[in-house]
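**Q** First, the structure itself, so that you have it in front of you.
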Amino acid sequence: MSAEYGADQIQILEGLEAVRKRPGMYIGSTSVKGLHHLVYEIVDNSIDEALAGFCTEINVSINKDNSITVIDNGRGIPIGINHKAGLPGVEVVFTILHAGGKFGGGGYKVSGGLHGVGASVVNALSEWLEVVVHVDGIRHKQRYERGKVMYPLKDDGPTDFVGTEVTFLPDKVIFTETTRFEYDILKHRLREMAFLTKGVKITLTDYREEKVRKDTFHYEGGIKEYVTYLNKNKEALYDNIIYCEGVKGDIQVEVAFQHNDSYSENCYSFVNNITTPEGGTHLTGFKIALTNIFNDYARGKKIIKDSDPKLEGEDIREGMTAIISIKIPEPQFEGQTKQKLGNSEAIGAVQSIVNEQLTYFLEQNPNVGKTICEKAVNAQRAREAARKARETVRKKSTLEGGLLGKLAPCTDKDPEKSEIFIVEGDSAGGSAKSARNRATQAILPLRGKILNVEKSRIDKILGNAEILTMITAFGTGIHDDFDISKLNYNKIIIMTDADVDGAHISTLLLTFFYRFMPELIKQGHVYLAMPPLYKIAKGKTVRYAYSDDELDKVLNEIGRENNTIQRYKGLGEMDKEQLWETTMDPEQRILRRVVIDEETASEVDVTFTTLMGEKVEPRREFIEANAKYVKNLDI
Ligand code: TTJ
């Protein structure tokens with residue numbers, strides 16, 4: 001082996017050593033997110049081969065040992081000697097760190113032609129990785145361990161397949177938090193890749209359990225089918241999925257959208273198949289084009305008069321589900337999490353392609369154009385009404401008593417130290433008020449169930465007393481008025497009974513926060529209190545259990561004889577000392593923080609629509625599919 005270790009080999013190992021030293025630079029983190037990015041880095045290469053037109057199928061498997069196998073039916077990574085490196089192409093791909101790594105040199109790799117740079121990063125961060133290139137009837141195989149070549153590329157016997165097969169096991173020395181892959185995380189991203197790469201068939205198979213689990217994603221309609229999928233449990237306003245595609249210079253543009261009868265806007269944008277949750281210039285170009293075209297169209301068709309105020313972008317996009325996907329050679333990313341596109345040339349590219357093709361579509365489909373404009377006019381009216389209602393809220397909220405009658409405020413006015421408990425009903429409100437720390441804990445009792453805002457527009461919800469009280473208490477305003485810097489509390493804690501009604505009220509509150517104050521959740525201010533389910537008393541000792549498993553644990557500790565077990569039905573059953581020490585005392589309590597993972601943001605919208613929307617059938621299916629996960633359901 002020493003002969004192999006010339007200067008080049010040492011330089012190669014140093015390159016991969018750098019990856020192992022600072023993995024976050026290359027895959028963002030070594031948490032569960034970074035672990036799953038390993039799979040995307042490998043699959044991206046097969047996607048590139050599909051975009052080049054040579055691969056139609058990509059199979060991803062989670063093996064029993066929690067290693068991952070990715071097989072594509074492309075041309076196979078080149079095995080010929082790469083003259084610059086004096087090594088087979090495939091060995092270069094896996095052992096030489098290329099510039100342009102995800103977080104290393106500059107922007108993302110480019111899909112559609114230039115092959116991904118992630119393979120060598122994945123190799124460096126894997127305990128072992130094996131690649132088999134099936135080409136010319138032979139399996140050409142090589143194995144690496146933590147990036148080190150174990151043997152030269154070898155003939156590993158015959159094959160009647162053509163393509164590339166990669167298997168790797170993440171290194172638990174690097175991924176100390178977890179090396180266990182989550183099926184649903186991979187499922188979401190692989191489905192998204194299939195939507196974004198029309199025609200390619202991607203399968204995911206999990207061999208870890210007795211019962212093998214498998215999903216197949218194959219969308220000839222590409223992002224049009226993505227819009228259909230996102231609108232699946234909503235009521236579409238017209239049958240068409242409006243679609244524009246074209247190339248401007250070296251920028252490929254694809255846009256698809258369809259309005260539904262809800263009041264929320266769901267636009268998801270992508271650059272080179274990578275999601276840009278912070279949007280950027282491609283999304284800006286799309287919004288400008290939409291606003292201009294629909295205002296011209298509405299005036300041209302006399303749906304609005306020249307003297308009427310123009311339709312704002314948000315009016316036109318109310319209820320719209322849209323996918324904007326562009327491919328650009330040198331993307332520049334900006335924003336807090338480097339997930340906002342900065343290339344100014346993308347504005348003009350998207351704008352001109354949408355302008356010419358959407359104008360044509362509306363001329364061909366006047367009824368669709370009319371439907372969209374009418375909804376936009378209604379949205380404009382509601383926005384006007386909401387503005388007036390908000391004026392009222394502002395005026396009323398200055399009279400503390402008016403809207404905040406029910407609120408028991410805390411004395412400390414520093415938002416960093418203050419928290420507000422939203423509790424269900426006056427009895428729980430009473431116990432919470434007596435149990436709390438008055439300096440830092442405010443209590444807002446709600447009278448029973450709040451409005452299901454999933455089916456309501458902003459002017460309607462501003463007419464609801466409970467909603468208004470919360471908005472006023474939080475101090476932030478809502479929707480377009482929302483200003484997180486005005487938040488009066490660092491923590492908003494939903495504290496409801498651990499029963500079905502309590503769960504329903506929590507869900508209604510989360511729907512309101514998600515639809516009208518999503519930043520509250522995204523910035524980590526929303527929590528669910530965890531009252532105990534059981535009180536176990538044995539002689540003088542009293543213990544609390546927050547789950548059935550914990551009850552078992554406690555009983556094993558204190559013995560199963562001569563004890564009394566009380567199953568709490570509601571907060572009202574606890575006296576103030578118990579409520580304080582089990583659920584409210586920051587030193588002893590358990591809180592669950594409500595989070596939205598940007599990478600699966602589109603699934604969150606689909607889930608809220610399914611659970612809270614008008615259609616009953618999808619809700620029943622969701623409940624049946626997920627009932628097995630519910631514990632402690634007391635009917
Ligand atoms: C490169 O140009 C000529 C031959 O085919 C091209 C190529 O590299 N194709 C290719 C790479 N297909 N699939 C890959 C690939 C697949 C996996 C699973 C992992 C990696 C790193 C590359």
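Residue numbering restarts at 1 for every chain of the structure tokens, chains are lettered A, B, ... in their displayed order, and ligands are numbered from 1 as they appear.
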Hey, which residues come within 7 Å of ligand 1 if we count only C-alpha atoms and all ligand atoms? Could you give them as a PyMOL selection string?
**A** chain A and resi 42-43+45-46+49+70-72+74-78+93-94+115+119+163-166
**Q** Return as a PyMOL selection string the full set of residues in range 461-517 of chain A whose backbone-based DSSP assignment is helix (DSSP H, G or I).
**A** chain A and resi 461+465-474+479-481+484-486+500-516
**Q** Write out as a PyMOL selection string the residues lying within 8 Å of range 550-562 of chain A, counting only C-alpha atoms and excluding same-chain residues fewer than 5 positions away.
**A** chain A and resi 534+538+543-545
**Q** For Tyr219 in chain A, which residue out of A:Tyr514, A:Phe54, A:Phe161, A:Phe195 is the nearest one, using only C-alpha atoms?
**A**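 Using only C-alpha atoms, Tyr219 in chain A sits closest to A:Phe195.
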**Q** Please identify which residues in range 407-527 of chain A DSSP calls strand (DSSP E or B) from the backbone, and express them as a compact mmCIF listing (two decimals) with C-alpha atoms, in the first residue's frame.
**A**
```
# COMPACT_ATOMS: atom_id res chain seq x y z
CA ALA A 408 -54.79 38.26 34.43
CA GLU A 419 -45.07 34.10 29.68
CA ILE A 420 -48.78 33.78 29.06
CA PHE A 421 -50.81 30.63 29.75
CA ILE A 422 -53.87 30.14 27.57
CA VAL A 423 -56.24 27.96 29.58
CA GLU A 424 -59.60 26.44 28.85
CA GLN A 441 -46.93 34.51 34.43
CA ALA A 442 -50.08 35.95 32.82
CA ILE A 443 -53.25 33.85 32.52
CA LEU A 444 -55.77 34.14 29.69
CA PRO A 445 -58.83 31.91 30.22
CA LEU A 446 -60.78 31.13 27.04
CA LYS A 491 -43.56 32.08 25.82
CA ILE A 492 -47.16 31.47 24.80
CA ILE A 493 -48.15 28.29 26.62
CA ILE A 494 -51.30 26.41 25.68
CA MET A 495 -52.43 24.68 28.87
CA VAL A 526 -45.41 28.60 21.19
CA TYR A 527 -45.47 25.75 23.70
```
**Q** Measuring between only C-alpha atoms, which one of A:Arg208, A:Lys576, A:Arg191, A:Lys522 shows the shortest distance to Ser434 in chain A?
**A**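 Distance minimum relative to Ser434 in chain A lands on A:Lys576.
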**Q** Hey, which bits of range 403-467 of chain A sit within 9 Å of range 482-488 of chain A, and for each residue what's the closest pair of atoms and how far apart in Å (one decimal), counting only C-alpha atoms, rows by chain and increasing number, as a Markdown table?
**A**
```
| residue | atom | partner | partner_atom | distance |
| --- | --- | --- | --- | --- |
| A:Lys413 | CA | A:Asn488 | CA | 7.7 |
| A:Asp414 | CA | A:Asn488 | CA | 7.6 |
| A:Pro415 | CA | A:Asn488 | CA | 4.8 |
| A:Glu416 | CA | A:Asn488 | CA | 8.3 |
| A:Ser418 | CA | A:Asn488 | CA | 7.4 |
| A:Glu419 | CA | A:Asn488 | CA | 8.3 |
| A:Ile420 | CA | A:Asn488 | CA | 8.8 |
```
**Q** I need the residues from that last selection saved to file as a PDB file, in the first residue's frame (with all heavy atoms), if you can.
**A**
```pdb
ATOM      1  N   LYS A 413     -43.026  43.625  33.167  1.00  0.00           N
ATOM      2  CA  LYS A 413     -43.382  44.018  31.792  1.00  0.00           C
ATOM      3  C   LYS A 413     -42.288  43.637  30.788  1.00  0.00           C
ATOM      4  O   LYS A 413     -42.394  43.951  29.614  1.00  0.00           O
ATOM      5  CB  LYS A 413     -43.671  45.525  31.733  1.00  0.00           C
ATOM      6  CG  LYS A 413     -44.959  45.936  32.480  1.00  0.00           C
ATOM      7  CD  LYS A 413     -46.153  45.136  32.002  1.00  0.00           C
ATOM      8  CE  LYS A 413     -47.398  45.353  32.879  1.00  0.00           C
ATOM      9  NZ  LYS A 413     -48.361  44.219  32.756  1.00  0.00           N
ATOM     10  N   ASP A 414     -41.220  42.961  31.269  1.00  0.00           N
ATOM     11  CA  ASP A 414     -40.158  42.588  30.322  1.00  0.00           C
ATOM     12  C   ASP A 414     -40.570  41.335  29.546  1.00  0.00           C
ATOM     13  O   ASP A 414     -40.675  40.252  30.141  1.00  0.00           O
ATOM     14  CB  ASP A 414     -38.856  42.322  31.120  1.00  0.00           C
ATOM     15  CG  ASP A 414     -37.773  41.772  30.195  1.00  0.00           C
ATOM     16  OD1 ASP A 414     -38.039  41.655  28.971  1.00  0.00           O
ATOM     17  OD2 ASP A 414     -36.672  41.446  30.695  1.00  0.00           O
ATOM     18  N   PRO A 415     -40.805  41.467  28.228  1.00  0.00           N
ATOM     19  CA  PRO A 415     -41.288  40.318  27.457  1.00  0.00           C
ATOM     20  C   PRO A 415     -40.362  39.109  27.574  1.00  0.00           C
ATOM     21  O   PRO A 415     -40.799  37.971  27.570  1.00  0.00           O
ATOM     22  CB  PRO A 415     -41.310  40.835  26.013  1.00  0.00           C
ATOM     23  CG  PRO A 415     -41.316  42.316  26.117  1.00  0.00           C
ATOM     24  CD  PRO A 415     -40.589  42.643  27.374  1.00  0.00           C
ATOM     25  N   GLU A 416     -39.045  39.390  27.744  1.00  0.00           N
ATOM     26  CA  GLU A 416     -38.104  38.258  27.824  1.00  0.00           C
ATOM     27  C   GLU A 416     -38.422  37.344  29.009  1.00  0.00           C
ATOM     28  O   GLU A 416     -38.220  36.156  28.969  1.00  0.00           O
ATOM     29  CB  GLU A 416     -36.676  38.803  27.980  1.00  0.00           C
ATOM     30  CG  GLU A 416     -36.030  39.146  26.640  1.00  0.00           C
ATOM     31  CD  GLU A 416     -36.167  37.996  25.635  1.00  0.00           C
ATOM     32  OE1 GLU A 416     -35.702  36.884  25.930  1.00  0.00           O
ATOM     33  OE2 GLU A 416     -36.813  38.214  24.584  1.00  0.00           O
ATOM     34  N   SER A 418     -41.499  37.276  30.559  1.00  0.00           N
ATOM     35  CA  SER A 418     -42.934  36.997  30.780  1.00  0.00           C
ATOM     36  C   SER A 418     -43.418  35.844  29.924  1.00  0.00           C
ATOM     37  O   SER A 418     -42.906  35.605  28.833  1.00  0.00           O
ATOM     38  CB  SER A 418     -43.759  38.228  30.410  1.00  0.00           C
ATOM     39  OG  SER A 418     -43.120  39.392  30.858  1.00  0.00           O
ATOM     40  N   GLU A 419     -44.422  35.160  30.461  1.00  0.00           N
ATOM     41  CA  GLU A 419     -45.070  34.098  29.684  1.00  0.00           C
ATOM     42  C   GLU A 419     -46.568  34.162  29.927  1.00  0.00           C
ATOM     43  O   GLU A 419     -47.006  34.646  30.971  1.00  0.00           O
ATOM     44  CB  GLU A 419     -44.490  32.738  30.048  1.00  0.00           C
ATOM     45  CG  GLU A 419     -44.434  32.439  31.521  1.00  0.00           C
ATOM     46  CD  GLU A 419     -43.560  31.205  31.842  1.00  0.00           C
ATOM     47  OE1 GLU A 419     -42.487  31.012  31.230  1.00  0.00           O
ATOM     48  OE2 GLU A 419     -43.989  30.444  32.711  1.00  0.00           O
ATOM     49  N   ILE A 420     -47.320  33.739  28.922  1.00  0.00           N
ATOM     50  CA  ILE A 420     -48.776  33.783  29.057  1.00  0.00           C
ATOM     51  C   ILE A 420     -49.326  32.373  28.874  1.00  0.00           C
ATOM     52  O   ILE A 420     -48.968  31.674  27.935  1.00  0.00           O
ATOM     53  CB  ILE A 420     -49.416  34.771  28.046  1.00  0.00           C
ATOM     54  CG1 ILE A 420     -50.945  34.848  28.251  1.00  0.00           C
ATOM     55  CG2 ILE A 420     -49.052  34.434  26.615  1.00  0.00           C
ATOM     56  CD1 ILE A 420     -51.607  35.998  27.475  1.00  0.00           C
TER      57      ILE A 420
END
```
**Q** Can you tell me which residues surround Lys535 in chain A at a distance of at most 10 Å, considering only C-alpha atoms, apart from same-chain residues fewer than 2 positions away, and format the answer as a PyMOL selection string?
**A** chain A and resi 532-533+537+542-546+551+564-568+574+578
**Q** Between A:Asp585, A:Glu192, A:Glu466, A:Glu265, which one has atoms that come closest to Arg438 in chain A, using only C-alpha atoms?
**A**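 Among the listed residues, A:Asp585 lies closest to Arg438 in chain A.
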**Q** Please list as a ChimeraX atom specification every residue within 6 Å of Glu318 in chain A, counting only C-alpha atoms and excluding residues in the same chain fewer than 4 positions away.
**A** /A:263-265,314
**Q** Selected residues, N, CA and C atoms, written as a PDB file, in the first residue's frame, please.
**A**
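And here is the file that came out, result_22.pdb:
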```
ATOM      1  N   TYR A 263     -58.258  30.877   2.335  1.00  0.00           N
ATOM      2  CA  TYR A 263     -57.797  32.268   2.371  1.00  0.00           C
ATOM      3  C   TYR A 263     -56.292  32.341   2.560  1.00  0.00           C
ATOM      4  N   SER A 264     -55.633  31.148   2.488  1.00  0.00           N
ATOM      5  CA  SER A 264     -54.177  31.217   2.723  1.00  0.00           C
ATOM      6  C   SER A 264     -53.448  31.058   1.395  1.00  0.00           C
ATOM      7  N   GLU A 265     -52.275  31.650   1.336  1.00  0.00           N
ATOM      8  CA  GLU A 265     -51.425  31.604   0.136  1.00  0.00           C
ATOM      9  C   GLU A 265     -50.316  30.603   0.405  1.00  0.00           C
ATOM     10  N   GLU A 314     -51.258  40.437  -2.674  1.00  0.00           N
ATOM     11  CA  GLU A 314     -51.812  39.479  -1.696  1.00  0.00           C
ATOM     12  C   GLU A 314     -53.270  39.173  -1.997  1.00  0.00           C
TER      13      GLU A 314
END
```
